[in-house]
$ cat work.txt   # compact mmCIF, all heavy atoms
# COMPACT_ATOMS: atom_id res chain seq x y z
N MET O 1 90.71 74.55 84.45
CA MET O 1 92.05 74.36 83.96
C MET O 1 92.50 75.65 83.29
O MET O 1 91.75 76.27 82.53
CB MET O 1 92.07 73.22 82.94
CG MET O 1 93.43 72.96 82.38
SD MET O 1 93.49 71.58 81.22
CE MET O 1 92.98 72.38 79.73
N THR O 2 93.71 76.07 83.55
CA THR O 2 94.27 77.24 82.88
C THR O 2 95.55 76.84 82.17
O THR O 2 96.22 75.88 82.56
CB THR O 2 94.58 78.37 83.88
OG1 THR O 2 95.55 77.90 84.80
CG2 THR O 2 93.32 78.81 84.61
N THR O 3 95.88 77.58 81.11
CA THR O 3 97.10 77.31 80.35
C THR O 3 97.93 78.57 80.19
O THR O 3 98.73 78.67 79.28
CB THR O 3 96.76 76.74 78.96
OG1 THR O 3 95.92 77.67 78.28
CG2 THR O 3 96.06 75.40 79.06
N ASN O 4 97.75 79.55 81.08
CA ASN O 4 98.48 80.80 80.92
C ASN O 4 99.98 80.65 81.13
O ASN O 4 100.72 81.58 80.93
CB ASN O 4 97.91 81.89 81.83
CG ASN O 4 97.93 81.49 83.29
OD1 ASN O 4 98.34 80.39 83.64
ND2 ASN O 4 97.47 82.39 84.14
N GLY O 5 100.46 79.47 81.53
CA GLY O 5 101.89 79.25 81.68
C GLY O 5 102.57 78.85 80.38
O GLY O 5 103.78 78.72 80.32
N LEU O 6 101.80 78.63 79.31
CA LEU O 6 102.38 78.19 78.03
C LEU O 6 102.79 79.40 77.21
O LEU O 6 102.27 79.67 76.15
CB LEU O 6 101.35 77.34 77.26
CG LEU O 6 100.70 76.18 78.01
CD1 LEU O 6 99.71 75.45 77.13
CD2 LEU O 6 101.75 75.21 78.52
N VAL O 7 103.77 80.13 77.70
CA VAL O 7 104.13 81.40 77.06
C VAL O 7 105.41 81.34 76.25
O VAL O 7 105.71 82.27 75.52
CB VAL O 7 104.22 82.54 78.10
CG1 VAL O 7 102.87 82.80 78.74
CG2 VAL O 7 105.25 82.20 79.17
N THR O 8 106.17 80.27 76.37
CA THR O 8 107.39 80.14 75.58
C THR O 8 107.34 78.81 74.83
O THR O 8 106.63 77.88 75.21
CB THR O 8 108.65 80.17 76.47
OG1 THR O 8 108.57 79.13 77.43
CG2 THR O 8 108.78 81.51 77.20
N ALA O 9 108.08 78.74 73.75
CA ALA O 9 108.13 77.51 72.96
C ALA O 9 108.66 76.37 73.82
O ALA O 9 109.55 76.55 74.63
CB ALA O 9 109.00 77.71 71.73
N GLY O 10 108.06 75.20 73.65
CA GLY O 10 108.50 74.04 74.41
C GLY O 10 107.39 73.01 74.48
O GLY O 10 106.33 73.16 73.89
N THR O 11 107.63 71.94 75.21
CA THR O 11 106.65 70.88 75.41
C THR O 11 106.21 70.90 76.86
O THR O 11 107.04 70.96 77.77
CB THR O 11 107.25 69.51 75.05
OG1 THR O 11 107.69 69.54 73.69
CG2 THR O 11 106.24 68.40 75.22
N TYR O 12 104.90 70.87 77.07
CA TYR O 12 104.33 71.00 78.40
C TYR O 12 103.39 69.83 78.68
O TYR O 12 102.64 69.40 77.81
CB TYR O 12 103.53 72.30 78.53
CG TYR O 12 104.37 73.53 78.32
CD1 TYR O 12 104.58 74.06 77.05
CD2 TYR O 12 104.95 74.17 79.41
CE1 TYR O 12 105.35 75.19 76.86
CE2 TYR O 12 105.72 75.31 79.23
CZ TYR O 12 105.92 75.81 77.95
OH TYR O 12 106.68 76.92 77.77
N SER O 13 103.40 69.37 79.91
CA SER O 13 102.44 68.38 80.38
C SER O 13 101.31 69.14 81.06
O SER O 13 101.56 69.96 81.94
CB SER O 13 103.10 67.41 81.36
OG SER O 13 102.13 66.51 81.86
N VAL O 14 100.08 68.88 80.62
CA VAL O 14 98.91 69.57 81.16
C VAL O 14 98.04 68.55 81.88
O VAL O 14 97.74 67.48 81.32
CB VAL O 14 98.11 70.26 80.05
CG1 VAL O 14 96.89 70.96 80.60
CG2 VAL O 14 98.99 71.24 79.28
N THR O 15 97.63 68.85 83.09
CA THR O 15 96.77 67.97 83.86
C THR O 15 95.48 68.69 84.19
O THR O 15 95.50 69.82 84.69
CB THR O 15 97.46 67.53 85.17
OG1 THR O 15 98.68 66.86 84.84
CG2 THR O 15 96.57 66.58 85.97
N ALA O 16 94.35 68.03 83.91
CA ALA O 16 93.03 68.56 84.28
C ALA O 16 92.44 67.66 85.36
O ALA O 16 92.46 66.44 85.23
CB ALA O 16 92.12 68.59 83.06
N THR O 17 91.92 68.28 86.39
CA THR O 17 91.35 67.53 87.52
C THR O 17 89.91 67.97 87.74
O THR O 17 89.63 69.17 87.85
CB THR O 17 92.16 67.78 88.80
OG1 THR O 17 93.52 67.42 88.57
CG2 THR O 17 91.62 66.96 89.96
N TYR O 18 89.01 66.99 87.80
CA TYR O 18 87.61 67.24 88.15
C TYR O 18 87.34 66.57 89.48
O TYR O 18 87.52 65.37 89.63
CB TYR O 18 86.68 66.70 87.06
CG TYR O 18 85.21 66.79 87.41
CD1 TYR O 18 84.61 68.02 87.60
CD2 TYR O 18 84.45 65.64 87.55
CE1 TYR O 18 83.28 68.11 87.93
CE2 TYR O 18 83.10 65.72 87.89
CZ TYR O 18 82.52 66.96 88.07
OH TYR O 18 81.21 67.05 88.40
N SER O 19 86.91 67.34 90.46
CA SER O 19 86.73 66.82 91.82
C SER O 19 85.48 65.97 91.98
O SER O 19 85.37 65.23 92.96
CB SER O 19 86.68 67.98 92.82
OG SER O 19 87.88 68.71 92.78
N GLY O 20 84.55 66.07 91.07
CA GLY O 20 83.32 65.30 91.18
C GLY O 20 82.24 66.08 91.88
O GLY O 20 82.46 67.14 92.45
N ASP O 21 81.03 65.53 91.82
CA ASP O 21 79.88 66.10 92.51
C ASP O 21 78.93 64.95 92.83
O ASP O 21 79.27 63.79 92.58
CB ASP O 21 79.23 67.20 91.66
CG ASP O 21 78.65 66.72 90.35
OD1 ASP O 21 78.30 65.52 90.23
OD2 ASP O 21 78.51 67.55 89.43
N PRO O 22 77.76 65.21 93.38
CA PRO O 22 76.86 64.10 93.73
C PRO O 22 76.45 63.22 92.54
O PRO O 22 76.06 62.07 92.73
CB PRO O 22 75.65 64.81 94.35
CG PRO O 22 76.20 66.09 94.89
CD PRO O 22 77.26 66.48 93.91
N ASN O 23 76.54 63.75 91.33
CA ASN O 23 76.09 62.99 90.16
C ASN O 23 77.22 62.32 89.38
O ASN O 23 76.98 61.39 88.62
CB ASN O 23 75.30 63.91 89.22
CG ASN O 23 74.05 64.45 89.87
OD1 ASN O 23 73.27 63.70 90.45
ND2 ASN O 23 73.87 65.75 89.80
N PHE O 24 78.44 62.83 89.52
CA PHE O 24 79.55 62.33 88.72
C PHE O 24 80.78 62.13 89.60
O PHE O 24 81.07 62.94 90.49
CB PHE O 24 79.90 63.29 87.58
CG PHE O 24 78.78 63.53 86.63
CD1 PHE O 24 77.95 64.65 86.75
CD2 PHE O 24 78.54 62.64 85.59
CE1 PHE O 24 76.91 64.87 85.88
CE2 PHE O 24 77.49 62.86 84.70
CZ PHE O 24 76.68 63.97 84.84
N THR O 25 81.50 61.06 89.36
CA THR O 25 82.73 60.83 90.11
C THR O 25 83.85 61.72 89.58
O THR O 25 83.82 62.17 88.43
CB THR O 25 83.17 59.35 90.01
OG1 THR O 25 83.37 59.03 88.64
CG2 THR O 25 82.12 58.42 90.59
N GLY O 26 84.82 61.94 90.40
CA GLY O 26 85.96 62.75 90.00
C GLY O 26 86.85 62.00 89.01
O GLY O 26 86.79 60.78 88.88
N SER O 27 87.67 62.76 88.31
CA SER O 27 88.60 62.14 87.36
C SER O 27 89.78 63.08 87.12
O SER O 27 89.72 64.26 87.42
CB SER O 27 87.92 61.81 86.03
OG SER O 27 87.49 63.00 85.40
N VAL O 28 90.84 62.50 86.58
CA VAL O 28 92.04 63.25 86.23
C VAL O 28 92.45 62.86 84.83
O VAL O 28 92.42 61.68 84.47
CB VAL O 28 93.20 62.95 87.22
CG1 VAL O 28 94.47 63.67 86.79
CG2 VAL O 28 92.82 63.34 88.63
N GLY O 29 92.82 63.84 84.02
CA GLY O 29 93.30 63.57 82.67
C GLY O 29 94.56 64.35 82.40
O GLY O 29 94.75 65.45 82.93
N THR O 30 95.46 63.77 81.62
CA THR O 30 96.70 64.47 81.27
C THR O 30 96.87 64.50 79.76
O THR O 30 96.33 63.65 79.04
CB THR O 30 97.93 63.81 81.90
OG1 THR O 30 98.01 62.47 81.44
CG2 THR O 30 97.85 63.83 83.41
N ASP O 31 97.60 65.47 79.29
CA ASP O 31 97.90 65.61 77.86
C ASP O 31 99.22 66.33 77.74
O ASP O 31 99.66 67.03 78.65
CB ASP O 31 96.79 66.39 77.16
CG ASP O 31 96.94 66.39 75.65
OD1 ASP O 31 97.48 65.41 75.10
OD2 ASP O 31 96.52 67.37 75.00
N THR O 32 99.86 66.18 76.62
CA THR O 32 101.09 66.90 76.32
C THR O 32 100.80 67.92 75.23
O THR O 32 100.23 67.58 74.20
CB THR O 32 102.20 65.94 75.86
OG1 THR O 32 102.44 64.99 76.90
CG2 THR O 32 103.49 66.68 75.56
N GLN O 33 101.17 69.17 75.48
CA GLN O 33 100.98 70.24 74.51
C GLN O 33 102.35 70.74 74.05
O GLN O 33 103.22 71.00 74.87
CB GLN O 33 100.21 71.40 75.13
CG GLN O 33 98.79 71.08 75.48
CD GLN O 33 97.95 70.87 74.24
OE1 GLN O 33 97.98 71.67 73.32
NE2 GLN O 33 97.22 69.77 74.21
N THR O 34 102.51 70.86 72.74
CA THR O 34 103.73 71.41 72.17
C THR O 34 103.45 72.81 71.65
O THR O 34 102.55 73.00 70.83
CB THR O 34 104.27 70.51 71.04
OG1 THR O 34 104.51 69.21 71.58
CG2 THR O 34 105.57 71.07 70.47
N VAL O 35 104.20 73.77 72.15
CA VAL O 35 104.05 75.17 71.75
C VAL O 35 105.23 75.53 70.87
O VAL O 35 106.38 75.33 71.28
CB VAL O 35 103.99 76.09 72.98
CG1 VAL O 35 103.89 77.56 72.55
CG2 VAL O 35 102.83 75.70 73.89
N THR O 36 104.96 76.02 69.67
CA THR O 36 106.04 76.42 68.76
C THR O 36 105.97 77.92 68.52
O THR O 36 104.93 78.54 68.68
CB THR O 36 105.95 75.67 67.42
OG1 THR O 36 104.67 75.93 66.83
CG2 THR O 36 106.11 74.17 67.61
N GLN O 37 107.08 78.47 68.13
CA GLN O 37 107.14 79.89 67.84
C GLN O 37 106.50 80.15 66.49
O GLN O 37 106.78 79.46 65.51
CB GLN O 37 108.60 80.37 67.82
CG GLN O 37 108.73 81.87 67.60
CD GLN O 37 110.18 82.33 67.73
OE1 GLN O 37 111.04 81.58 68.17
NE2 GLN O 37 110.44 83.55 67.36
N ALA O 38 105.64 81.15 66.44
CA ALA O 38 104.96 81.50 65.20
C ALA O 38 105.87 82.35 64.32
O ALA O 38 106.68 83.14 64.81
CB ALA O 38 103.67 82.27 65.49
N ALA O 39 105.73 82.17 63.02
CA ALA O 39 106.45 83.02 62.07
C ALA O 39 105.73 84.37 61.99
O ALA O 39 104.50 84.42 61.93
CB ALA O 39 106.49 82.36 60.70
N THR O 40 106.47 85.45 62.04
CA THR O 40 105.86 86.78 61.96
C THR O 40 106.56 87.62 60.92
O THR O 40 107.71 87.36 60.53
CB THR O 40 105.95 87.52 63.31
OG1 THR O 40 107.32 87.69 63.65
CG2 THR O 40 105.24 86.76 64.42
N THR O 41 105.84 88.63 60.45
CA THR O 41 106.43 89.64 59.58
C THR O 41 106.09 91.00 60.18
O THR O 41 105.03 91.18 60.77
CB THR O 41 105.88 89.57 58.14
OG1 THR O 41 104.46 89.71 58.19
CG2 THR O 41 106.24 88.26 57.48
N THR O 42 107.01 91.93 60.05
CA THR O 42 106.80 93.28 60.56
C THR O 42 107.01 94.27 59.44
O THR O 42 108.02 94.21 58.72
CB THR O 42 107.78 93.59 61.71
OG1 THR O 42 107.64 92.60 62.72
CG2 THR O 42 107.51 94.96 62.31
N THR O 43 106.04 95.17 59.27
CA THR O 43 106.17 96.24 58.28
C THR O 43 106.05 97.58 59.00
O THR O 43 105.31 97.69 59.98
CB THR O 43 105.11 96.15 57.17
OG1 THR O 43 103.81 96.17 57.77
CG2 THR O 43 105.25 94.86 56.36
N VAL O 44 106.77 98.56 58.52
CA VAL O 44 106.73 99.90 59.10
C VAL O 44 106.39 100.89 58.00
O VAL O 44 106.95 100.85 56.90
CB VAL O 44 108.08 100.27 59.75
CG1 VAL O 44 108.02 101.69 60.32
CG2 VAL O 44 108.45 99.28 60.84
N SER O 45 105.44 101.77 58.30
CA SER O 45 105.08 102.82 57.35
C SER O 45 105.15 104.16 58.06
O SER O 45 105.10 104.23 59.30
CB SER O 45 103.69 102.59 56.76
OG SER O 45 102.72 102.60 57.79
N SER O 46 105.26 105.23 57.29
CA SER O 46 105.30 106.57 57.88
C SER O 46 104.30 107.46 57.16
O SER O 46 103.97 107.26 55.99
CB SER O 46 106.70 107.17 57.77
OG SER O 46 107.08 107.28 56.41
N SER O 47 103.77 108.45 57.91
CA SER O 47 102.81 109.38 57.34
C SER O 47 103.03 110.74 57.97
O SER O 47 103.11 110.83 59.20
CB SER O 47 101.39 108.89 57.61
OG SER O 47 100.45 109.81 57.11
N PRO O 48 103.18 111.80 57.19
CA PRO O 48 103.17 111.79 55.73
C PRO O 48 104.49 111.27 55.16
O PRO O 48 105.51 111.26 55.83
CB PRO O 48 102.99 113.26 55.37
CG PRO O 48 103.60 114.01 56.52
CD PRO O 48 103.36 113.14 57.73
N ASP O 49 104.43 110.83 53.96
CA ASP O 49 105.61 110.33 53.25
C ASP O 49 105.52 110.79 51.81
O ASP O 49 104.63 110.34 51.09
CB ASP O 49 105.66 108.81 53.32
CG ASP O 49 106.91 108.24 52.66
OD1 ASP O 49 107.86 109.00 52.44
OD2 ASP O 49 106.91 107.02 52.40
N PRO O 50 106.36 111.68 51.38
CA PRO O 50 107.54 112.21 52.08
C PRO O 50 107.15 113.29 53.08
O PRO O 50 106.04 113.82 53.06
CB PRO O 50 108.38 112.78 50.96
CG PRO O 50 107.38 113.19 49.92
CD PRO O 50 106.26 112.19 50.01
N SER O 51 108.10 113.61 53.96
CA SER O 51 107.91 114.68 54.94
C SER O 51 109.01 115.72 54.74
O SER O 51 109.98 115.49 54.01
CB SER O 51 107.96 114.12 56.35
OG SER O 51 109.21 113.51 56.59
N VAL O 52 108.83 116.86 55.41
CA VAL O 52 109.84 117.92 55.32
C VAL O 52 110.43 118.15 56.71
O VAL O 52 109.83 117.77 57.73
CB VAL O 52 109.23 119.24 54.78
CG1 VAL O 52 108.76 119.06 53.34
CG2 VAL O 52 108.09 119.73 55.65
N VAL O 53 111.58 118.79 56.76
CA VAL O 53 112.26 119.05 58.02
C VAL O 53 111.33 119.81 58.97
O VAL O 53 110.68 120.77 58.57
CB VAL O 53 113.56 119.86 57.79
CG1 VAL O 53 114.19 120.28 59.10
CG2 VAL O 53 114.54 119.05 56.96
N GLY O 54 111.24 119.32 60.20
CA GLY O 54 110.43 119.98 61.22
C GLY O 54 108.99 119.50 61.27
O GLY O 54 108.27 119.83 62.20
N GLN O 55 108.57 118.73 60.27
CA GLN O 55 107.19 118.25 60.24
C GLN O 55 107.04 117.01 61.12
O GLN O 55 107.93 116.16 61.17
CB GLN O 55 106.81 117.90 58.79
CG GLN O 55 105.39 117.46 58.61
CD GLN O 55 105.07 117.19 57.12
OE1 GLN O 55 105.99 116.98 56.31
NE2 GLN O 55 103.81 117.22 56.79
N SER O 56 105.93 116.90 61.83
CA SER O 56 105.65 115.71 62.63
C SER O 56 105.37 114.53 61.72
O SER O 56 104.70 114.66 60.70
CB SER O 56 104.44 115.94 63.54
OG SER O 56 104.73 116.92 64.51
N VAL O 57 105.92 113.36 62.07
CA VAL O 57 105.74 112.16 61.29
C VAL O 57 105.24 111.07 62.22
O VAL O 57 105.73 110.92 63.34
CB VAL O 57 107.06 111.72 60.61
CG1 VAL O 57 106.87 110.41 59.85
CG2 VAL O 57 107.57 112.80 59.69
N THR O 58 104.26 110.30 61.77
CA THR O 58 103.76 109.16 62.52
C THR O 58 104.27 107.89 61.88
O THR O 58 104.11 107.68 60.67
CB THR O 58 102.21 109.15 62.52
OG1 THR O 58 101.74 110.36 63.13
CG2 THR O 58 101.68 107.94 63.28
N PHE O 59 104.90 107.03 62.70
CA PHE O 59 105.35 105.73 62.24
C PHE O 59 104.39 104.68 62.76
O PHE O 59 104.01 104.70 63.93
CB PHE O 59 106.77 105.44 62.73
CG PHE O 59 107.81 106.33 62.09
CD1 PHE O 59 108.23 107.48 62.73
CD2 PHE O 59 108.36 105.99 60.86
CE1 PHE O 59 109.18 108.30 62.14
CE2 PHE O 59 109.30 106.82 60.27
CZ PHE O 59 109.71 107.95 60.91
N THR O 60 104.01 103.75 61.91
CA THR O 60 103.12 102.67 62.28
C THR O 60 103.80 101.33 61.99
O THR O 60 104.22 101.10 60.85
CB THR O 60 101.79 102.74 61.51
OG1 THR O 60 101.19 104.03 61.75
CG2 THR O 60 100.83 101.64 61.94
N ALA O 61 103.91 100.49 63.01
CA ALA O 61 104.47 99.14 62.82
C ALA O 61 103.32 98.14 62.88
O ALA O 61 102.47 98.19 63.77
CB ALA O 61 105.49 98.85 63.92
N THR O 62 103.29 97.24 61.91
CA THR O 62 102.27 96.19 61.86
C THR O 62 102.95 94.84 61.94
O THR O 62 103.83 94.53 61.13
CB THR O 62 101.45 96.29 60.55
OG1 THR O 62 100.88 97.61 60.46
CG2 THR O 62 100.35 95.26 60.53
N VAL O 63 102.56 94.05 62.92
CA VAL O 63 103.10 92.70 63.09
C VAL O 63 102.01 91.71 62.76
O VAL O 63 100.91 91.77 63.28
CB VAL O 63 103.60 92.47 64.53
CG1 VAL O 63 104.15 91.08 64.71
CG2 VAL O 63 104.64 93.53 64.90
N ALA O 64 102.32 90.81 61.83
CA ALA O 64 101.34 89.79 61.43
C ALA O 64 101.95 88.42 61.57
O ALA O 64 103.14 88.24 61.46
CB ALA O 64 100.88 90.03 60.00

$ encode --input "work.txt" --output "C-alpha cells"
Amino acid sequence: MTTNGLVTAGTYSVTATYSGDPNFTGSVGTDTQTVTQAATTTTVSSSPDPSVVGQSVTFTATVA
C-alpha cells in the first residue's frame, strides 16, 4: 500500500488489498485518512550581519 497521493489537505479513502497466499486467504480493508495543513514558521537570518557595501552576504531561511 502506498500513500504518496496524500499531498494536499483533504479527506482520502485508503484501500489496502492482500491477495493471499497458500497459508492465508486474501482480504481487503478500507480506512479514511484526513490530512490537514501543518502550521509553520519561517525565520531568515543573514551572515555577516551587519555587512558593508560590496560584501557577500549569505541568507538562511529556516522553516519549522

$ select_by_dssp --input "work.txt" --residues "chain O" --states "strand (DSSP E)" --output "VMD selection string"
chain O and resid 10 to 18 27 to 35 42 to 47 58 to 63

$ closest_atom_pairs --input "work.txt" --of "region 8-27 of chain O" --to "region 34-39 of chain O" --cutoff "9 Å" --atoms "only C-alpha atoms" --output "JSON lines"
{"residue": "O:Thr8", "atom": "CA", "partner": "O:Val35", "partner_atom": "CA", "distance": 7.1}
{"residue": "O:Ala9", "atom": "CA", "partner": "O:Thr36", "partner_atom": "CA", "distance": 4.8}
{"residue": "O:Gly10", "atom": "CA", "partner": "O:Val35", "partner_atom": "CA", "distance": 5.3}
{"residue": "O:Thr11", "atom": "CA", "partner": "O:Thr34", "partner_atom": "CA", "distance": 4.4}
{"residue": "O:Tyr12", "atom": "CA", "partner": "O:Thr34", "partner_atom": "CA", "distance": 6.3}
{"residue": "O:Ser13", "atom": "CA", "partner": "O:Thr34", "partner_atom": "CA", "distance": 8.8}

$ residues_around --input "work.txt" --residues "Val63 (chain O)" --least-positions-apart "3" --cutoff "12 Å" --atoms "only C-alpha atoms" --output "JSON list (two decimals) with all heavy atoms, keeping the file's coordinate frame"
[["chain", "number", "residue", "atom", "x", "y", "z"],
["O", 38, "ALA", "N", 105.64, 81.15, 66.44],
["O", 38, "ALA", "CA", 104.96, 81.50, 65.20],
["O", 38, "ALA", "C", 105.87, 82.35, 64.32],
["O", 38, "ALA", "O", 106.68, 83.14, 64.81],
["O", 38, "ALA", "CB", 103.67, 82.27, 65.49],
["O", 39, "ALA", "N", 105.73, 82.17, 63.02],
["O", 39, "ALA", "CA", 106.45, 83.02, 62.07],
["O", 39, "ALA", "C", 105.73, 84.37, 61.99],
["O", 39, "ALA", "O", 104.50, 84.42, 61.93],
["O", 39, "ALA", "CB", 106.49, 82.36, 60.70],
["O", 40, "THR", "N", 106.47, 85.45, 62.04],
["O", 40, "THR", "CA", 105.86, 86.78, 61.96],
["O", 40, "THR", "C", 106.56, 87.62, 60.92],
["O", 40, "THR", "O", 107.71, 87.36, 60.53],
["O", 40, "THR", "CB", 105.95, 87.52, 63.31],
["O", 40, "THR", "OG1", 107.32, 87.69, 63.65],
["O", 40, "THR", "CG2", 105.24, 86.76, 64.42],
["O", 41, "THR", "N", 105.84, 88.63, 60.45],
["O", 41, "THR", "CA", 106.43, 89.64, 59.58],
["O", 41, "THR", "C", 106.09, 91.00, 60.18],
["O", 41, "THR", "O", 105.03, 91.18, 60.77],
["O", 41, "THR", "CB", 105.88, 89.57, 58.14],
["O", 41, "THR", "OG1", 104.46, 89.71, 58.19],
["O", 41, "THR", "CG2", 106.24, 88.26, 57.48],
["O", 42, "THR", "N", 107.01, 91.93, 60.05],
["O", 42, "THR", "CA", 106.80, 93.28, 60.56],
["O", 42, "THR", "C", 107.01, 94.27, 59.44],
["O", 42, "THR", "O", 108.02, 94.21, 58.72],
["O", 42, "THR", "CB", 107.78, 93.59, 61.71],
["O", 42, "THR", "OG1", 107.64, 92.60, 62.72],
["O", 42, "THR", "CG2", 107.51, 94.96, 62.31],
["O", 43, "THR", "N", 106.04, 95.17, 59.27],
["O", 43, "THR", "CA", 106.17, 96.24, 58.28],
["O", 43, "THR", "C", 106.05, 97.58, 59.00],
["O", 43, "THR", "O", 105.31, 97.69, 59.98],
["O", 43, "THR", "CB", 105.11, 96.15, 57.17],
["O", 43, "THR", "OG1", 103.81, 96.17, 57.77],
["O", 43, "THR", "CG2", 105.25, 94.86, 56.36],
["O", 44, "VAL", "N", 106.77, 98.56, 58.52],
["O", 44, "VAL", "CA", 106.73, 99.90, 59.10],
["O", 44, "VAL", "C", 106.39, 100.89, 58.00],
["O", 44, "VAL", "O", 106.95, 100.85, 56.90],
["O", 44, "VAL", "CB", 108.08, 100.27, 59.75],
["O", 44, "VAL", "CG1", 108.02, 101.69, 60.32],
["O", 44, "VAL", "CG2", 108.45, 99.28, 60.84],
["O", 45, "SER", "N", 105.44, 101.77, 58.30],
["O", 45, "SER", "CA", 105.08, 102.82, 57.35],
["O", 45, "SER", "C", 105.15, 104.16, 58.06],
["O", 45, "SER", "O", 105.10, 104.23, 59.30],
["O", 45, "SER", "CB", 103.69, 102.59, 56.76],
["O", 45, "SER", "OG", 102.72, 102.60, 57.79],
["O", 60, "THR", "N", 104.01, 103.75, 61.91],
["O", 60, "THR", "CA", 103.12, 102.67, 62.28],
["O", 60, "THR", "C", 103.80, 101.33, 61.99],
["O", 60, "THR", "O", 104.22, 101.10, 60.85],
["O", 60, "THR", "CB", 101.79, 102.74, 61.51],
["O", 60, "THR", "OG1", 101.19, 104.03, 61.75],
["O", 60, "THR", "CG2", 100.83, 101.64, 61.94]]

$ atom_distance --input "work.txt" --atom1 "atom O of Gly20 (chain O)" --atom2 "atom N of Val7 (chain O)"
29.0 Å

$ atom_distance --input "work.txt" --atom1 "CB of Gln33 (chain O)" --atom2 "CA of Thr15 (chain O)"
10.0 Å

$ residues_around --input "work.txt" --residues "Ser46 (chain O)" --least-positions-apart "4" --cutoff "6 Å" --atoms "all heavy atoms" --output "ChimeraX atom specification"
/O:57-60

$ atom_distance --input "work.txt" --atom1 "CA of Ala64 (chain O)" --atom2 "CA of Thr32 (chain O)"
27.3 Å

$ closest_residue --input "work.txt" --among "O:Thr62, O:Ala16, O:Pro50, O:Ser56" --to "Val28 (chain O)" --atoms "all atoms listed in the file"
O:Ala16
